[in-house]
file structure.csv (CSV, C-alpha atoms and all ligand atoms)
chain,number,residue,atom,x,y,z
A,1,MET,CA,-9.8,79.8,45.0
A,2,ASP,CA,-10.6,76.9,47.4
A,3,TYR,CA,-11.8,77.9,50.9
A,4,PHE,CA,-11.6,75.8,54.0
A,5,PRO,CA,-14.1,76.9,56.7
A,6,GLU,CA,-12.6,74.3,59.1
A,7,ALA,CA,-9.5,76.6,59.2
A,8,GLU,CA,-11.3,79.6,60.7
A,9,PRO,CA,-11.6,78.5,64.3
A,10,LEU,CA,-7.9,77.7,64.3
A,11,LEU,CA,-7.0,81.3,63.7
A,12,ARG,CA,-8.0,82.6,67.1
A,13,GLY,CA,-6.0,85.7,68.0
A,14,ILE,CA,-4.4,86.1,64.6
A,15,CYS,CA,-5.2,89.5,63.1
A,16,ASN,CA,-2.8,89.7,60.1
A,17,ASP,CA,-5.1,89.5,57.1
A,18,SER,CA,-2.5,88.0,54.8
A,19,VAL,CA,-1.7,85.2,57.2
A,20,ARG,CA,-5.5,84.5,57.7
A,21,THR,CA,-6.1,84.5,53.9
A,22,ALA,CA,-3.2,82.1,53.1
A,23,PHE,CA,-4.3,79.8,55.9
A,24,ILE,CA,-7.9,79.5,55.0
A,25,HIS,CA,-7.2,78.9,51.3
A,26,THR,CA,-4.4,76.3,51.6
A,27,ASP,CA,-5.6,72.7,51.3
A,28,ARG,CA,-4.0,71.0,54.3
A,29,SER,CA,-5.3,67.6,53.2
A,30,ARG,CA,-2.7,67.7,50.4
A,31,PHE,CA,0.1,67.4,53.0
A,32,VAL,CA,-1.2,64.5,55.2
A,33,LEU,CA,-1.1,60.8,54.6
A,34,PRO,CA,-4.0,59.5,52.4
A,35,ARG,CA,-5.6,57.7,55.4
A,36,ASP,CA,-5.7,61.0,57.4
A,37,LYS,CA,-7.3,63.3,54.7
A,38,LYS,CA,-10.5,63.5,56.7
A,39,SER,CA,-8.7,64.5,59.8
A,40,ALA,CA,-6.5,67.1,58.2
A,41,TRP,CA,-8.0,70.0,60.1
A,42,ILE,CA,-8.0,68.4,63.5
A,43,ASP,CA,-5.9,70.6,65.7
A,44,HIS,CA,-3.3,68.0,66.4
A,45,PRO,CA,0.0,66.9,64.9
A,46,LEU,CA,-0.3,64.0,62.4
A,47,PRO,CA,2.3,61.4,61.3
A,48,ILE,CA,3.8,61.8,57.8
A,49,GLU,CA,6.4,59.6,56.1
A,50,ASP,CA,9.9,58.9,57.6
A,51,SER,CA,8.8,59.1,61.2
A,52,ALA,CA,8.1,62.8,61.0
A,53,THR,CA,5.0,64.8,61.8
A,54,ILE,CA,3.0,67.6,60.3
A,55,SER,CA,2.6,70.2,63.1
A,56,GLN,CA,-0.8,71.1,64.5
A,57,PRO,CA,-2.5,73.7,62.3
A,58,SER,CA,-3.1,76.3,65.0
A,59,LEU,CA,0.6,76.3,65.9
A,60,VAL,CA,1.6,76.6,62.3
A,61,ALA,CA,-0.7,79.6,61.9
A,62,GLN,CA,0.6,81.2,65.1
A,63,MET,CA,4.2,80.7,64.2
A,64,THR,CA,3.6,82.1,60.7
A,65,ASP,CA,2.1,85.2,62.3
A,66,TRP,CA,4.9,85.6,64.8
A,67,LEU,CA,7.4,85.4,62.0
A,68,GLU,CA,5.9,88.7,60.7
A,69,PRO,CA,6.3,87.7,57.0
A,70,THR,CA,6.3,90.5,54.4
A,71,ALA,CA,5.9,90.3,50.6
A,72,HIS,CA,9.6,91.3,50.2
A,73,SER,CA,11.2,88.9,52.6
A,74,LYS,CA,13.5,86.1,51.8
A,75,VAL,CA,12.9,83.2,54.2
A,76,LEU,CA,14.9,80.2,55.4
A,77,GLU,CA,12.9,77.2,56.8
A,78,ILE,CA,14.6,74.3,58.6
A,79,GLY,CA,12.6,71.1,58.5
A,80,THR,CA,10.5,71.0,55.3
A,81,GLY,CA,8.6,67.9,56.4
A,82,SER,CA,5.3,67.7,54.6
A,83,GLY,CA,5.8,71.2,53.1
A,84,TYR,CA,2.6,72.6,54.7
A,85,GLN,CA,4.4,75.5,56.5
A,86,THR,CA,6.4,76.0,53.3
A,87,ALA,CA,3.2,76.5,51.3
A,88,LEU,CA,2.0,79.2,53.7
A,89,LEU,CA,5.4,81.0,53.6
A,90,SER,CA,5.5,80.8,49.8
A,91,GLN,CA,2.3,82.8,49.6
A,92,LEU,CA,3.4,85.4,52.2
A,93,THR,CA,7.0,86.1,51.2
A,94,ALA,CA,9.1,86.7,48.1
A,95,GLU,CA,11.3,83.5,48.3
A,96,VAL,CA,11.5,80.5,50.5
A,97,TYR,CA,14.7,78.4,51.0
A,98,THR,CA,13.8,75.1,52.8
A,99,ILE,CA,16.1,72.5,54.1
A,100,GLU,CA,15.1,68.9,55.0
A,101,ILE,CA,17.4,66.1,56.1
A,102,SER,CA,15.2,63.3,54.7
A,103,GLU,CA,15.5,63.0,51.0
A,104,LYS,CA,12.2,61.2,50.8
A,105,LEU,CA,10.3,64.0,52.5
A,106,SER,CA,12.0,66.7,50.6
A,107,ARG,CA,11.1,65.0,47.3
A,108,SER,CA,7.5,64.5,48.1
A,109,ALA,CA,7.1,68.0,49.5
A,110,GLN,CA,8.7,69.3,46.3
A,111,ALA,CA,6.3,67.3,44.1
A,112,CYS,CA,3.3,68.4,46.2
A,113,LEU,CA,4.2,72.1,46.3
A,114,GLN,CA,5.0,72.3,42.6
A,115,SER,CA,1.7,70.6,41.7
A,116,MET,CA,-0.1,73.2,43.7
A,117,GLY,CA,1.7,76.0,41.8
A,118,PHE,CA,4.1,77.3,44.5
A,119,LEU,CA,7.1,78.2,42.4
A,120,ASN,CA,9.2,80.6,44.6
A,121,ILE,CA,10.7,77.7,46.8
A,122,HIS,CA,14.2,76.4,46.7
A,123,PHE,CA,14.7,72.9,48.2
A,124,HIS,CA,17.8,71.4,49.8
A,125,VAL,CA,18.4,68.0,51.3
A,126,GLY,CA,20.9,68.2,54.2
A,127,ASP,CA,21.5,69.3,57.7
A,128,GLY,CA,19.6,72.5,58.4
A,129,THR,CA,21.7,73.5,61.4
A,130,ARG,CA,24.3,74.9,59.0
A,131,GLY,CA,21.8,77.1,57.3
A,132,TRP,CA,22.2,78.1,53.6
A,133,GLN,CA,25.3,80.3,53.4
A,134,LYS,CA,25.2,80.8,49.7
A,135,ALA,CA,21.7,82.4,49.8
A,136,ALA,CA,22.2,84.4,53.1
A,137,PRO,CA,21.3,86.8,54.5
A,138,PHE,CA,17.7,85.9,55.2
A,139,ASP,CA,15.1,88.4,56.5
A,140,ARG,CA,13.3,85.6,58.3
A,141,ILE,CA,14.3,82.2,59.6
A,142,ILE,CA,12.0,79.6,61.0
A,143,ALA,CA,12.8,76.1,62.3
A,144,THR,CA,10.1,73.5,62.8
A,145,VAL,CA,12.5,71.1,64.4
A,146,ALA,CA,14.0,71.5,67.9
A,147,PHE,CA,17.6,72.7,68.5
A,148,GLN,CA,19.4,71.9,71.7
A,149,HIS,CA,21.2,75.2,71.9
A,150,ARG,CA,21.0,78.7,70.6
A,151,PRO,CA,21.2,78.4,66.7
A,152,ASP,CA,24.3,80.5,66.2
A,153,GLN,CA,25.0,79.5,62.7
A,154,LEU,CA,21.5,80.4,61.6
A,155,LEU,CA,21.7,83.7,63.5
A,156,SER,CA,24.9,84.5,61.6
A,157,GLN,CA,22.8,84.2,58.4
A,158,LEU,CA,20.0,86.5,59.6
A,159,ALA,CA,19.8,90.0,58.0
A,160,THR,CA,19.8,93.2,60.1
A,161,ALA,CA,16.3,93.6,61.7
A,162,GLY,CA,15.6,90.0,60.7
A,163,ILE,CA,13.4,87.7,62.9
A,164,CYS,CA,14.3,84.1,63.6
A,165,LEU,CA,11.9,81.6,65.4
A,166,VAL,CA,13.5,78.4,66.7
A,167,PRO,CA,12.3,75.8,69.3
A,168,VAL,CA,15.1,75.2,71.8
A,169,GLY,CA,15.3,72.4,74.3
A,170,MET,CA,16.6,69.0,75.1
A,171,PRO,CA,15.3,65.8,73.2
A,172,GLY,CA,12.2,64.4,74.8
A,173,GLU,CA,11.6,67.6,76.8
A,174,THR,CA,9.3,70.5,76.2
A,175,GLN,CA,11.1,73.2,74.3
A,176,GLN,CA,10.7,77.0,74.4
A,177,LEU,CA,9.9,78.7,71.1
A,178,ILE,CA,12.5,81.5,71.0
A,179,ARG,CA,12.1,84.7,68.9
A,180,TYR,CA,15.5,86.1,68.0
A,181,GLN,CA,15.8,89.5,66.4
A,182,LYS,CA,19.0,91.0,65.0
A,183,ILE,CA,19.6,94.7,65.8
A,184,ASN,CA,22.8,95.8,64.1
A,185,THR,CA,25.2,93.1,65.3
A,186,ASP,CA,23.3,92.4,68.6
A,187,VAL,CA,20.7,89.7,68.8
A,188,SER,CA,17.7,90.0,71.2
A,189,GLU,CA,16.0,86.9,72.5
A,190,ARG,CA,12.5,86.3,73.8
A,191,SER,CA,10.7,83.2,74.8
A,192,LEU,CA,7.2,83.0,73.2
A,193,CYS,CA,5.7,79.8,74.5
A,194,ALA,CA,6.3,76.1,75.3
A,195,VAL,CA,6.2,73.8,72.3
A,196,ARG,CA,6.9,70.1,71.4
A,197,PHE,CA,8.7,69.6,68.1
A,198,LEU,CA,10.7,66.6,66.9
A,199,SER,CA,14.4,67.0,67.7
A,200,LEU,CA,17.1,67.4,65.1
A,201,ARG,CA,18.4,64.2,63.4
B,1,LIG,N1,7.0,72.0,59.1
B,1,LIG,C1,6.9,70.6,59.0
B,1,LIG,C2,7.2,69.9,60.3
B,1,LIG,C3,8.2,68.9,60.0
B,1,LIG,S1,8.7,68.0,61.5
B,1,LIG,C4,5.4,70.2,58.6
B,1,LIG,O1,4.5,71.0,59.0
B,1,LIG,O2,5.2,69.2,57.9
B,1,LIG,C5,10.4,68.3,61.5
B,1,LIG,C6,11.2,68.0,60.2
B,1,LIG,O3,12.6,68.3,60.5
B,1,LIG,C7,11.2,66.5,59.9
B,1,LIG,O4,10.7,66.4,58.6
B,1,LIG,C8,12.6,66.1,60.0
B,1,LIG,O5,13.0,65.1,59.0
B,1,LIG,C9,13.4,67.4,59.8
B,1,LIG,N2,14.7,67.4,60.3
B,1,LIG,C10,15.2,66.8,61.4
B,1,LIG,N3,16.5,67.1,61.6
B,1,LIG,C11,16.9,67.9,60.6
B,1,LIG,C12,18.1,68.6,60.3
B,1,LIG,N4,19.2,68.4,61.0
B,1,LIG,N5,18.1,69.4,59.2
B,1,LIG,C13,16.9,69.6,58.4
B,1,LIG,N6,15.8,69.0,58.7
B,1,LIG,C14,15.7,68.2,59.8

call {"tool": "encode", "arguments": {"input": "structure.csv", "output": "structure tokens"}}
result
Amino acid sequence: MDYFPEAEPLLRGICNDSVRTAFIHTDRSRFVLPRDKKSAWIDHPLPIEDSATISQPSLVAQMTDWLEPTAHSKVLEIGTGSGYQTALLSQLTAEVYTIEISEKLSRSAQACLQSMGFLNIHFHVGDGTRGWQKAAPFDRIIATVAFQHRPDQLLSQLATAGICLVPVGMPGETQQLIRYQKINTDVSERSLCAVRFLSLR
């Protein structure tokens, strides 16, 4: 299995061994533009196709850890983008359902992830704010694109005890990364940190 030592310093504060293992063995250079391959592990977002960005690696690792993935969980991801976050989730959970509004990005992420042997991923091109009703409920939901309001439709597709991470804030402004958790029919809400993601298209 490939090992990327550049990944180690980006894992500060992350103790979950499964998250650490997936992160240091996933070739991030496969998900960036050809001209950026040498900069793939720089801790900064990088542009990808269709005016999107691949998130900075330390934040991807941190969000993956905060999602508390388990080997049995079924995950919904909003904003496939390059597919890098999807690749990590694929290794840490049973099944990943990922929605991307850009057909071009979805197709290239699909080609990349399949060529790397990640086979437990379902792709959909469309508006992720509606979630994926047919496959619901999900044990985990993660959005890597910012919502303006509480993501009620996604929360209605969250399983009991499920965890949902979504950046919430107005376009052009810093957002708060919110952790929602469903307890019976109630949903608890906690702000984890300030983040800057692309806004929904
Ligand atoms: N996790 C990705 C980050 C992608 S950036 C990565 O690491 O590569 C956010 C992505 O959300 C972009 O690809 C953008 O096209 C997508 N997006 C924007 N609005 C969307 C919507 N309404 N539904 C689904 N995806 C959306």

call {"tool": "atom_distance", "arguments": {"input": "structure.csv", "atom1": "atom CA of Cys112 of chain A", "atom2": "atom CA of Ser51 of chain A"}}
result
18.5 Å

call {"tool": "atom_distance", "arguments": {"input": "structure.csv", "atom1": "atom CA of Leu10 of chain A", "atom2": "atom CA of Arg179 of chain A"}}
result
21.7 Å

call {"tool": "atom_distance", "arguments": {"input": "structure.csv", "atom1": "atom O4 of ligand LIG 1 (chain B)", "atom2": "atom CA of Ala143 of chain A"}}
result
10.6 Å

call {"tool": "closest_atom_pairs", "arguments": {"input": "structure.csv", "of": "segment 3-54 of chain A", "to": "segment 73-93 of chain A", "cutoff": "12 Å", "atoms": "only C-alpha atoms", "output": "JSON lines"}}
result
{"residue": "A:Asn16", "atom": "CA", "partner": "A:Leu92", "partner_atom": "CA", "distance": 10.9}
{"residue": "A:Asp17", "atom": "CA", "partner": "A:Leu92", "partner_atom": "CA", "distance": 10.6}
{"residue": "A:Ser18", "atom": "CA", "partner": "A:Leu92", "partner_atom": "CA", "distance": 7.0}
{"residue": "A:Val19", "atom": "CA", "partner": "A:Leu92", "partner_atom": "CA", "distance": 7.1}
{"residue": "A:Arg20", "atom": "CA", "partner": "A:Leu88", "partner_atom": "CA", "distance": 10.0}
{"residue": "A:Thr21", "atom": "CA", "partner": "A:Gln91", "partner_atom": "CA", "distance": 9.6}
{"residue": "A:Ala22", "atom": "CA", "partner": "A:Leu88", "partner_atom": "CA", "distance": 6.0}
{"residue": "A:Phe23", "atom": "CA", "partner": "A:Leu88", "partner_atom": "CA", "distance": 6.7}
{"residue": "A:Ile24", "atom": "CA", "partner": "A:Leu88", "partner_atom": "CA", "distance": 10.0}
{"residue": "A:His25", "atom": "CA", "partner": "A:Leu88", "partner_atom": "CA", "distance": 9.5}
{"residue": "A:Thr26", "atom": "CA", "partner": "A:Leu88", "partner_atom": "CA", "distance": 7.3}
{"residue": "A:Asp27", "atom": "CA", "partner": "A:Tyr84", "partner_atom": "CA", "distance": 8.9}
{"residue": "A:Arg28", "atom": "CA", "partner": "A:Tyr84", "partner_atom": "CA", "distance": 6.8}
{"residue": "A:Ser29", "atom": "CA", "partner": "A:Tyr84", "partner_atom": "CA", "distance": 9.5}
{"residue": "A:Arg30", "atom": "CA", "partner": "A:Tyr84", "partner_atom": "CA", "distance": 8.4}
{"residue": "A:Phe31", "atom": "CA", "partner": "A:Ser82", "partner_atom": "CA", "distance": 5.4}
{"residue": "A:Val32", "atom": "CA", "partner": "A:Ser82", "partner_atom": "CA", "distance": 7.3}
{"residue": "A:Leu33", "atom": "CA", "partner": "A:Ser82", "partner_atom": "CA", "distance": 9.4}
{"residue": "A:Ala40", "atom": "CA", "partner": "A:Tyr84", "partner_atom": "CA", "distance": 11.2}
{"residue": "A:Pro45", "atom": "CA", "partner": "A:Ser82", "partner_atom": "CA", "distance": 11.6}
{"residue": "A:Leu46", "atom": "CA", "partner": "A:Ser82", "partner_atom": "CA", "distance": 10.3}
{"residue": "A:Pro47", "atom": "CA", "partner": "A:Ser82", "partner_atom": "CA", "distance": 9.7}
{"residue": "A:Ile48", "atom": "CA", "partner": "A:Ser82", "partner_atom": "CA", "distance": 6.9}
{"residue": "A:Glu49", "atom": "CA", "partner": "A:Ser82", "partner_atom": "CA", "distance": 8.3}
{"residue": "A:Asp50", "atom": "CA", "partner": "A:Gly81", "partner_atom": "CA", "distance": 9.2}
{"residue": "A:Ser51", "atom": "CA", "partner": "A:Gly81", "partner_atom": "CA", "distance": 10.0}
{"residue": "A:Ala52", "atom": "CA", "partner": "A:Gly81", "partner_atom": "CA", "distance": 6.9}
{"residue": "A:Thr53", "atom": "CA", "partner": "A:Gly81", "partner_atom": "CA", "distance": 7.2}
{"residue": "A:Ile54", "atom": "CA", "partner": "A:Ser82", "partner_atom": "CA", "distance": 6.1}

call {"tool": "closest_residue", "arguments": {"input": "structure.csv", "among": "A:Glu103, A:Asp127, A:Glu6, A:Glu95", "to": "ligand LIG 1 (chain B)", "atoms": "all atoms listed in the file"}}
result
A:Asp127

call {"tool": "closest_residue", "arguments": {"input": "structure.csv", "among": "A:Met1, A:Cys164, A:Ile142, A:Leu198", "to": "ligand LIG 1 (chain B)", "atoms": "all atoms listed in the file"}}
result
A:Leu198

call {"tool": "closest_residue", "arguments": {"input": "structure.csv", "among": "A:His149, A:Met170, A:Lys182, A:Leu59", "to": "ligand LIG 1 (chain B)", "atoms": "all atoms listed in the file"}}
result
A:Leu59
